[in-house]
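Undergrad: Dropping a structure here in structure tokens format, bear with me for questions.
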Amino acid sequence: MYRLGIDLGGTKIEAILLAENGLVLSRRRIATQAERGLDHILARLTLLVDLVLRGTSKKDVLVGVGTPGSISLETGLLRNSNTQCLNNRPLKKMIQSCLGMEVSIANDANCFALAEAVLGAGKNEKIVFGVILGTGCGGGLVINKKCIKGPNSIAGEFGHHSIDQNGRPCWCGKQGCLETYISGSGLEARFFNETGKRMSAKEIFSSNSNQARVLKLEYMKSFGFGIANLCSILDPDIVIFGGGISQQPELYTIGIREIKRYFFSDSVRTKFVKNGLGDSSGVFGAALFSNELGF
């Protein structure tokens, strides 16, 4: 059987077709255009899959889809996605109807963590935690090459633990969620509130303005505090960072210094590293989730 992995992100949709031995047979990506709504996203996804599967019989393909959020065990609807037009919709059924294929749905951070644990920077480690720092902030836990979801399918959702119950409002309805402090959108919102100017997270990190320097230091303190809390609970062998902000060199100098400052131990043996698969971790992980087995 072939494996088709689909990474349904807020800015891009990527699909990859793998042979049984893991060889990449076809791969494409297109812009999500999420601002145009769910029906448009599904049309884009269907177009992409048709391009990737050209000449391949659908009956010979297992499909895994990685997306922000997770499927509610109670309702079967997607929940907790920062691509908010996907929330409270029967996404799995809708994708299956569009593609005419059975699919497995997995949280995008779980896909990232599984891919890195099986194929990437954590392939030689036992307890792997994957962190996505992008538009949102997500995480996934993999132990012995198996993704741990938990009975409520929320294992790894460290972005929604509160670091200040009177803090910044989060789209999830709570206050002070770590995501509002260390996601790209959180940094951008903070910069706008302070300066009245719109800049991307990448531009803020590149800026030498006084406002940017202050906010970057604030960012790193929140980052260190949040990751140290995570390590106090899980004590992982390795924490692997992905998403757009994982490209910032300061994360691996100032950021790791801040983690160590809050670390609940007199020694720090956990490794903190950049991902090994680049921005392809999600799509490879989705392919692995097509039958929840590694190669």
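Residues in the structure tokens are named by chain (A, B, ... in the order shown) and by number from 1 within that chain; ligands are numbered from 1 in the order shown.
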If we count only C-alpha atoms, what is near segment 92-107 of chain A at a cut-off of 10 Å, once residues fewer than 3 positions away on the same chain are taken out, given as number ranges by chain?
TA: A: 4-8, 38-39, 42-43, 45-47, 49-50, 58-59, 61-71, 76-78, 81, 89, 110-112, 138-140, 149, 153-154, 156-157, 282, 285-287, 289-292
Undergrad: Can you write out the residues you just picked, keeping N, CA and C atoms, as a compact mmCIF listing (two decimals), in the first residue's frame?
TA:
```
# COMPACT_ATOMS: atom_id res chain seq x y z
N LEU A 4 -0.42 8.29 1.67
CA LEU A 4 -0.59 9.69 1.32
C LEU A 4 -0.68 10.50 2.61
N GLY A 5 0.24 11.45 2.76
CA GLY A 5 0.20 12.35 3.89
C GLY A 5 -0.23 13.73 3.44
N ILE A 6 -1.14 14.35 4.20
CA ILE A 6 -1.63 15.69 3.88
C ILE A 6 -1.44 16.58 5.11
N ASP A 7 -0.72 17.65 4.94
CA ASP A 7 -0.51 18.63 6.01
C ASP A 7 -1.41 19.82 5.73
N LEU A 8 -2.51 19.91 6.48
CA LEU A 8 -3.51 20.95 6.26
C LEU A 8 -3.21 22.11 7.21
N LEU A 38 -14.10 27.30 4.67
CA LEU A 38 -13.90 25.86 4.66
C LEU A 38 -14.14 25.23 3.29
N ASP A 39 -15.20 25.62 2.61
CA ASP A 39 -15.48 25.02 1.30
C ASP A 39 -14.32 25.24 0.34
N LEU A 42 -11.42 22.91 1.26
CA LEU A 42 -11.67 21.54 0.82
C LEU A 42 -11.47 21.40 -0.68
N ALA A 43 -11.85 22.41 -1.43
CA ALA A 43 -11.63 22.39 -2.87
C ALA A 43 -10.14 22.39 -3.20
N LEU A 45 -7.73 21.33 -1.22
CA LEU A 45 -7.19 20.04 -0.80
C LEU A 45 -7.48 18.96 -1.84
N THR A 46 -8.70 18.94 -2.36
CA THR A 46 -9.08 17.94 -3.36
C THR A 46 -8.25 18.10 -4.63
N LEU A 47 -8.05 19.33 -5.07
CA LEU A 47 -7.21 19.59 -6.24
C LEU A 47 -5.80 19.07 -6.02
N VAL A 49 -4.68 16.72 -3.94
CA VAL A 49 -4.63 15.27 -3.89
C VAL A 49 -4.74 14.67 -5.29
N ASP A 50 -5.61 15.23 -6.12
CA ASP A 50 -5.73 14.74 -7.50
C ASP A 50 -4.40 14.86 -8.24
N LYS A 58 -6.82 4.93 -6.04
CA LYS A 58 -7.13 5.31 -4.67
C LYS A 58 -7.27 4.09 -3.76
N LYS A 59 -7.68 2.97 -4.29
CA LYS A 59 -7.87 1.79 -3.44
C LYS A 59 -6.56 1.24 -2.91
N VAL A 61 -4.21 3.21 -1.57
CA VAL A 61 -3.61 4.31 -0.82
C VAL A 61 -4.23 4.44 0.57
N LEU A 62 -3.38 4.53 1.60
CA LEU A 62 -3.79 4.88 2.95
C LEU A 62 -3.56 6.37 3.13
N VAL A 63 -4.50 7.07 3.78
CA VAL A 63 -4.44 8.54 3.85
C VAL A 63 -4.40 9.01 5.30
N GLY A 64 -3.44 9.86 5.59
CA GLY A 64 -3.38 10.53 6.89
C GLY A 64 -3.40 12.03 6.69
N VAL A 65 -4.19 12.72 7.50
CA VAL A 65 -4.30 14.18 7.40
C VAL A 65 -3.91 14.79 8.74
N GLY A 66 -2.96 15.70 8.70
CA GLY A 66 -2.58 16.46 9.89
C GLY A 66 -3.19 17.84 9.83
N THR A 67 -3.82 18.24 10.93
CA THR A 67 -4.48 19.54 10.96
C THR A 67 -4.40 20.12 12.36
N PRO A 68 -4.40 21.44 12.49
CA PRO A 68 -4.49 22.02 13.83
C PRO A 68 -5.77 21.57 14.52
N GLY A 69 -5.69 21.33 15.82
CA GLY A 69 -6.86 20.89 16.56
C GLY A 69 -6.96 19.37 16.60
N SER A 70 -8.08 18.88 17.08
CA SER A 70 -8.31 17.44 17.18
C SER A 70 -9.81 17.16 17.06
N ILE A 71 -10.13 15.90 16.76
CA ILE A 71 -11.52 15.49 16.62
C ILE A 71 -12.10 15.19 18.00
N GLY A 76 -17.46 14.17 17.32
CA GLY A 76 -16.87 13.89 16.01
C GLY A 76 -16.52 15.15 15.24
N LEU A 77 -16.66 16.32 15.89
CA LEU A 77 -16.35 17.59 15.23
C LEU A 77 -14.94 18.03 15.58
N LEU A 78 -14.34 18.81 14.69
CA LEU A 78 -13.01 19.34 14.98
C LEU A 78 -13.12 20.44 16.03
N SER A 81 -8.87 24.27 16.83
CA SER A 81 -8.00 24.64 15.71
C SER A 81 -7.86 26.15 15.64
N ARG A 89 -16.86 21.53 12.91
CA ARG A 89 -17.28 20.93 11.64
C ARG A 89 -16.83 19.47 11.61
N ASN A 110 1.17 16.53 16.69
CA ASN A 110 1.46 15.11 16.83
C ASN A 110 2.16 14.57 15.59
N CYS A 111 1.71 15.01 14.43
CA CYS A 111 2.37 14.61 13.17
C CYS A 111 3.84 15.05 13.18
N PHE A 112 4.06 16.30 13.56
CA PHE A 112 5.42 16.83 13.63
C PHE A 112 6.28 15.99 14.57
N GLY A 138 1.81 24.50 19.40
CA GLY A 138 1.32 23.16 19.69
C GLY A 138 2.44 22.24 20.08
N GLY A 139 2.08 21.07 20.59
CA GLY A 139 3.09 20.10 20.99
C GLY A 139 2.60 18.68 20.83
N GLY A 140 3.54 17.77 20.75
CA GLY A 140 3.22 16.36 20.64
C GLY A 140 4.23 15.53 21.41
N LYS A 149 -1.56 10.09 22.82
CA LYS A 149 -2.67 11.04 22.64
C LYS A 149 -3.41 11.32 23.94
N SER A 153 -7.49 12.91 24.14
CA SER A 153 -6.84 13.36 22.90
C SER A 153 -6.28 14.78 23.01
N ILE A 154 -5.77 15.12 24.19
CA ILE A 154 -5.18 16.45 24.37
C ILE A 154 -3.74 16.40 24.86
N GLY A 156 -0.01 16.77 25.02
CA GLY A 156 0.88 17.63 24.23
C GLY A 156 0.38 19.04 24.04
N GLU A 157 -0.85 19.35 24.44
CA GLU A 157 -1.40 20.69 24.20
C GLU A 157 -0.87 21.70 25.23
N GLY A 282 5.55 17.86 9.19
CA GLY A 282 4.11 17.64 9.31
C GLY A 282 3.57 16.69 8.27
N GLY A 285 4.77 13.16 8.95
CA GLY A 285 4.04 12.63 10.10
C GLY A 285 2.62 12.23 9.75
N ALA A 286 1.96 13.03 8.90
CA ALA A 286 0.61 12.67 8.46
C ALA A 286 0.62 11.33 7.72
N ALA A 287 1.65 11.12 6.89
CA ALA A 287 1.76 9.85 6.19
C ALA A 287 1.97 8.70 7.17
N PHE A 289 0.81 8.60 10.14
CA PHE A 289 -0.46 8.41 10.82
C PHE A 289 -1.52 7.75 9.92
N SER A 290 -1.20 7.55 8.65
CA SER A 290 -2.19 6.94 7.77
C SER A 290 -2.61 5.56 8.27
N ASN A 291 -1.71 4.88 8.95
CA ASN A 291 -2.11 3.65 9.64
C ASN A 291 -1.45 3.56 11.01
N GLU A 292 -0.93 4.72 11.47
CA GLU A 292 -0.32 4.86 12.79
C GLU A 292 0.80 3.86 13.02
```
Undergrad: Do you know which residues are at most 10 Å from Gln33 of chain A counting only C-alpha atoms, after dropping those on the same chain fewer than 5 positions away, and could you put them as a CSV table (one decimal) with N, CA and C atoms, in the first residue's frame?
TA:
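Full text of out_17.csv as output:
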```csv
chain,number,residue,atom,x,y,z
A,9,GLY,N,-2.4,23.0,6.8
A,9,GLY,CA,-1.9,24.1,7.6
A,9,GLY,C,-2.7,25.4,7.3
A,10,GLY,N,-2.5,26.4,8.2
A,10,GLY,CA,-3.3,27.6,8.0
A,10,GLY,C,-2.8,28.4,6.8
A,11,THR,N,-1.6,28.3,6.4
A,11,THR,CA,-1.1,29.0,5.2
A,11,THR,C,-0.8,28.2,4.0
A,12,LYS,N,-0.5,26.9,4.2
A,12,LYS,CA,-0.3,26.0,3.1
A,12,LYS,C,-0.9,24.6,3.3
A,13,ILE,N,-1.2,24.0,2.2
A,13,ILE,CA,-1.5,22.5,2.2
A,13,ILE,C,-0.5,21.8,1.5
A,38,LEU,N,-14.1,27.3,4.7
A,38,LEU,CA,-13.9,25.9,4.7
A,38,LEU,C,-14.1,25.2,3.3
A,40,HIS,N,-13.7,26.4,0.4
A,40,HIS,CA,-12.6,26.7,-0.5
A,40,HIS,C,-11.4,25.9,-0.1
A,41,ILE,N,-11.2,25.7,1.2
A,41,ILE,CA,-10.0,24.9,1.7
A,41,ILE,C,-10.2,23.5,1.2
A,44,ARG,N,-9.4,23.2,-2.5
A,44,ARG,CA,-7.9,23.3,-2.7
A,44,ARG,C,-7.3,21.9,-2.3
```
Undergrad: Between A:Gln211, A:Asn144, A:Ser222, A:Ser265, which residue has the minimum interatomic distance to Met199 of chain A, considering only C-alpha atoms?
TA: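 Smallest separation from Met199 of chain A among the options: A:Gln211.
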Undergrad: Which of these residues is nearest to Lys202 of chain A, using only C-alpha atoms: A:Met220, A:Leu178, A:Ile245, A:Leu48?
TA: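 Among the listed residues, A:Ile245 lies closest to Lys202 of chain A.
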Undergrad: Using only C-alpha atoms, pick whichever of A:Pro90, A:Phe241, A:Ala212, A:Glu250 has the shortest atom-to-atom distance to Val273 of chain A.
TA: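 Using only C-alpha atoms, the shortest distance to Val273 of chain A belongs to A:Phe241.
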Undergrad: Identify all residues of segment 63-252 of chain A in helix (DSSP H, G or I) (DSSP on the backbone) and supply them as a ChimeraX atom specification.
TA: /A:84-86,91-99,108-118,158-160,179-182,184-195,201-206,210-234,244-247,249-252
Undergrad: Go through segment 47-278 of chain A and collect every residue that DSSP, computed from the backbone, puts in strand (DSSP E or B); the answer should be as a CSV table (one decimal) with N, CA and C atoms, in the first residue's frame.
TA:
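Output below, filename out.csv:
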```csv
chain,number,residue,atom,x,y,z
A,61,VAL,N,-4.2,3.2,-1.6
A,61,VAL,CA,-3.6,4.3,-0.8
A,61,VAL,C,-4.2,4.4,0.6
A,62,LEU,N,-3.4,4.5,1.6
A,62,LEU,CA,-3.8,4.9,2.9
A,62,LEU,C,-3.6,6.4,3.1
A,63,VAL,N,-4.5,7.1,3.8
A,63,VAL,CA,-4.4,8.5,3.8
A,63,VAL,C,-4.4,9.0,5.3
A,64,GLY,N,-3.4,9.9,5.6
A,64,GLY,CA,-3.4,10.5,6.9
A,64,GLY,C,-3.4,12.0,6.7
A,65,VAL,N,-4.2,12.7,7.5
A,65,VAL,CA,-4.3,14.2,7.4
A,65,VAL,C,-3.9,14.8,8.7
A,66,GLY,N,-3.0,15.7,8.7
A,66,GLY,CA,-2.6,16.5,9.9
A,66,GLY,C,-3.2,17.8,9.8
A,67,THR,N,-3.8,18.2,10.9
A,67,THR,CA,-4.5,19.5,11.0
A,67,THR,C,-4.4,20.1,12.4
A,70,SER,N,-8.1,18.9,17.1
A,70,SER,CA,-8.3,17.4,17.2
A,70,SER,C,-9.8,17.2,17.1
A,71,ILE,N,-10.1,15.9,16.8
A,71,ILE,CA,-11.5,15.5,16.6
A,71,ILE,C,-12.1,15.2,18.0
A,78,LEU,N,-14.3,18.8,14.7
A,78,LEU,CA,-13.0,19.3,15.0
A,78,LEU,C,-13.1,20.4,16.0
A,79,ARG,N,-12.1,20.5,16.9
A,79,ARG,CA,-12.1,21.5,18.0
A,79,ARG,C,-10.7,22.0,18.1
A,104,SER,N,-7.4,9.0,8.1
A,104,SER,CA,-7.1,9.2,9.5
A,104,SER,C,-6.7,10.6,9.7
A,105,ILE,N,-7.3,11.2,10.8
A,105,ILE,CA,-7.0,12.6,11.1
A,105,ILE,C,-6.1,12.6,12.4
A,106,ALA,N,-5.1,13.5,12.3
A,106,ALA,CA,-4.2,13.6,13.5
A,106,ALA,C,-3.9,15.1,13.7
A,107,ASN,N,-3.7,15.5,14.9
A,107,ASN,CA,-3.2,16.8,15.2
A,107,ASN,C,-1.9,17.1,14.6
A,127,ILE,N,12.1,9.4,24.8
A,127,ILE,CA,11.0,10.3,25.1
A,127,ILE,C,11.2,11.6,24.3
A,128,VAL,N,10.4,11.9,23.3
A,128,VAL,CA,10.5,13.0,22.4
A,128,VAL,C,9.3,13.9,22.5
A,129,PHE,N,9.6,15.2,22.7
A,129,PHE,CA,8.5,16.2,22.7
A,129,PHE,C,8.8,17.1,21.6
A,130,GLY,N,7.8,17.3,20.7
A,130,GLY,CA,7.9,18.2,19.5
A,130,GLY,C,7.1,19.4,19.8
A,131,VAL,N,7.7,20.6,19.5
A,131,VAL,CA,7.0,21.9,19.8
A,131,VAL,C,6.9,22.6,18.4
A,132,ILE,N,5.7,23.0,18.1
A,132,ILE,CA,5.5,23.9,16.9
A,132,ILE,C,5.3,25.3,17.3
A,133,LEU,N,6.2,26.2,16.9
A,133,LEU,CA,6.1,27.6,17.2
A,133,LEU,C,5.8,28.3,15.8
A,137,CYS,N,0.7,27.6,18.7
A,137,CYS,CA,1.8,26.9,19.5
A,137,CYS,C,1.2,25.6,19.9
A,138,GLY,N,1.8,24.5,19.4
A,138,GLY,CA,1.3,23.2,19.7
A,138,GLY,C,2.4,22.2,20.1
A,139,GLY,N,2.1,21.1,20.6
A,139,GLY,CA,3.1,20.1,21.0
A,139,GLY,C,2.6,18.7,20.8
A,140,GLY,N,3.5,17.8,20.7
A,140,GLY,CA,3.2,16.4,20.6
A,140,GLY,C,4.2,15.5,21.4
A,141,LEU,N,3.7,14.5,22.0
A,141,LEU,CA,4.6,13.6,22.9
A,141,LEU,C,4.7,12.2,22.2
A,142,VAL,N,5.9,11.7,22.0
A,142,VAL,CA,6.2,10.4,21.4
A,142,VAL,C,7.1,9.7,22.3
A,143,ILE,N,6.7,8.5,22.7
A,143,ILE,CA,7.5,7.6,23.6
A,143,ILE,C,7.7,6.3,22.8
A,146,LYS,N,6.0,5.8,19.6
A,146,LYS,CA,4.5,5.8,19.6
A,146,LYS,C,4.0,7.1,20.1
A,147,CYS,N,3.1,7.8,19.3
A,147,CYS,CA,2.5,9.0,19.7
A,147,CYS,C,1.5,8.8,20.8
A,148,ILE,N,1.7,9.6,21.9
A,148,ILE,CA,0.8,9.4,23.1
A,148,ILE,C,-0.3,10.5,22.9
A,162,SER,N,-2.0,27.8,31.2
A,162,SER,CA,-2.0,29.3,31.5
A,162,SER,C,-0.7,29.6,32.3
A,169,PRO,N,-6.0,37.5,26.7
A,169,PRO,CA,-7.1,36.6,26.2
A,169,PRO,C,-6.7,35.8,25.1
A,175,GLN,N,-7.6,32.8,29.5
A,175,GLN,CA,-6.7,33.9,29.6
A,175,GLN,C,-5.3,33.4,30.0
A,177,CYS,N,-3.0,31.9,28.2
A,177,CYS,CA,-2.4,30.7,27.6
A,177,CYS,C,-1.0,31.0,27.0
A,238,ILE,N,14.6,14.8,24.7
A,238,ILE,CA,14.8,15.8,23.7
A,238,ILE,C,13.5,16.6,23.5
A,239,VAL,N,13.7,17.9,23.3
A,239,VAL,CA,12.6,18.8,22.8
A,239,VAL,C,13.0,19.3,21.5
A,240,ILE,N,12.2,19.1,20.5
A,240,ILE,CA,12.5,19.5,19.1
A,240,ILE,C,11.5,20.6,18.7
A,241,PHE,N,12.1,21.7,18.1
A,241,PHE,CA,11.3,22.8,17.7
A,241,PHE,C,11.1,22.9,16.2
A,242,GLY,N,9.8,23.2,15.9
A,242,GLY,CA,9.5,23.4,14.5
A,242,GLY,C,8.6,24.6,14.3
A,271,LYS,N,18.0,17.6,25.6
A,271,LYS,CA,18.5,18.3,24.5
A,271,LYS,C,17.4,19.2,23.9
A,272,PHE,N,17.8,20.4,23.5
A,272,PHE,CA,16.8,21.3,22.9
A,272,PHE,C,17.4,21.6,21.5
A,273,VAL,N,16.7,21.2,20.4
A,273,VAL,CA,17.3,21.2,19.1
A,273,VAL,C,16.2,21.7,18.1
A,274,LYS,N,16.7,22.2,17.0
A,274,LYS,CA,15.9,22.5,15.8
A,274,LYS,C,15.5,21.1,15.1
```
Undergrad: Which polymer residues have any atom within 8 Å of an atom of Arg198 of chain A, counting only C-alpha atoms, with same-chain residues fewer than 3 positions away left out, as a ChimeraX atom specification?
TA: /A:188,191-192
Undergrad: If we count only C-alpha atoms and set the cut-off at 10 Å, which residues sit around Lys123 of chain A, ignoring sequence neighbours fewer than 4 positions away in its own chain? Please answer as a PyMOL selection string.
TA: chain A and resi 114-119+128+144-145+276
Undergrad: Write the residues of the selection above to a file with C-alpha atoms, as an mmCIF file, in the first residue's frame.
TA:
```
data_model
loop_
_atom_site.group_PDB
_atom_site.id
_atom_site.type_symbol
_atom_site.label_atom_id
_atom_site.label_comp_id
_atom_site.auth_asym_id
_atom_site.auth_seq_id
_atom_site.Cartn_x
_atom_site.Cartn_y
_atom_site.Cartn_z
ATOM 1 C CA LEU A 114 6.033 11.531 15.291
ATOM 2 C CA ALA A 115 7.951 12.374 12.122
ATOM 3 C CA GLU A 116 10.853 13.830 14.089
ATOM 4 C CA ALA A 117 10.884 10.851 16.484
ATOM 5 C CA VAL A 118 10.846 8.273 13.686
ATOM 6 C CA LEU A 119 12.780 9.991 10.887
ATOM 7 C CA VAL A 128 10.522 13.003 22.399
ATOM 8 C CA ASN A 144 9.347 4.666 21.963
ATOM 9 C CA LYS A 145 8.180 5.812 18.501
ATOM 10 C CA GLY A 276 15.691 17.626 11.324
#
```
Undergrad: Using only C-alpha atoms, find the one residue out of A:Gly226, A:Gly134, A:Pro236, A:Gly120 that sits nearest to Gln248 of chain A.
TA: A:Gly134
Undergrad: Of the residues A:Asn210, A:Gln247, A:Thr253, A:Ser232, which is the one nearest to Thr270 of chain A, using only C-alpha atoms?
TA: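 Using only C-alpha atoms, Thr270 of chain A sits closest to A:Ser232.
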Undergrad: May I ask for the distance between atom CA of Val52 of chain A and atom CA of Gly37 of chain A, given in Å to one decimal place?
TA: 23.0 Å
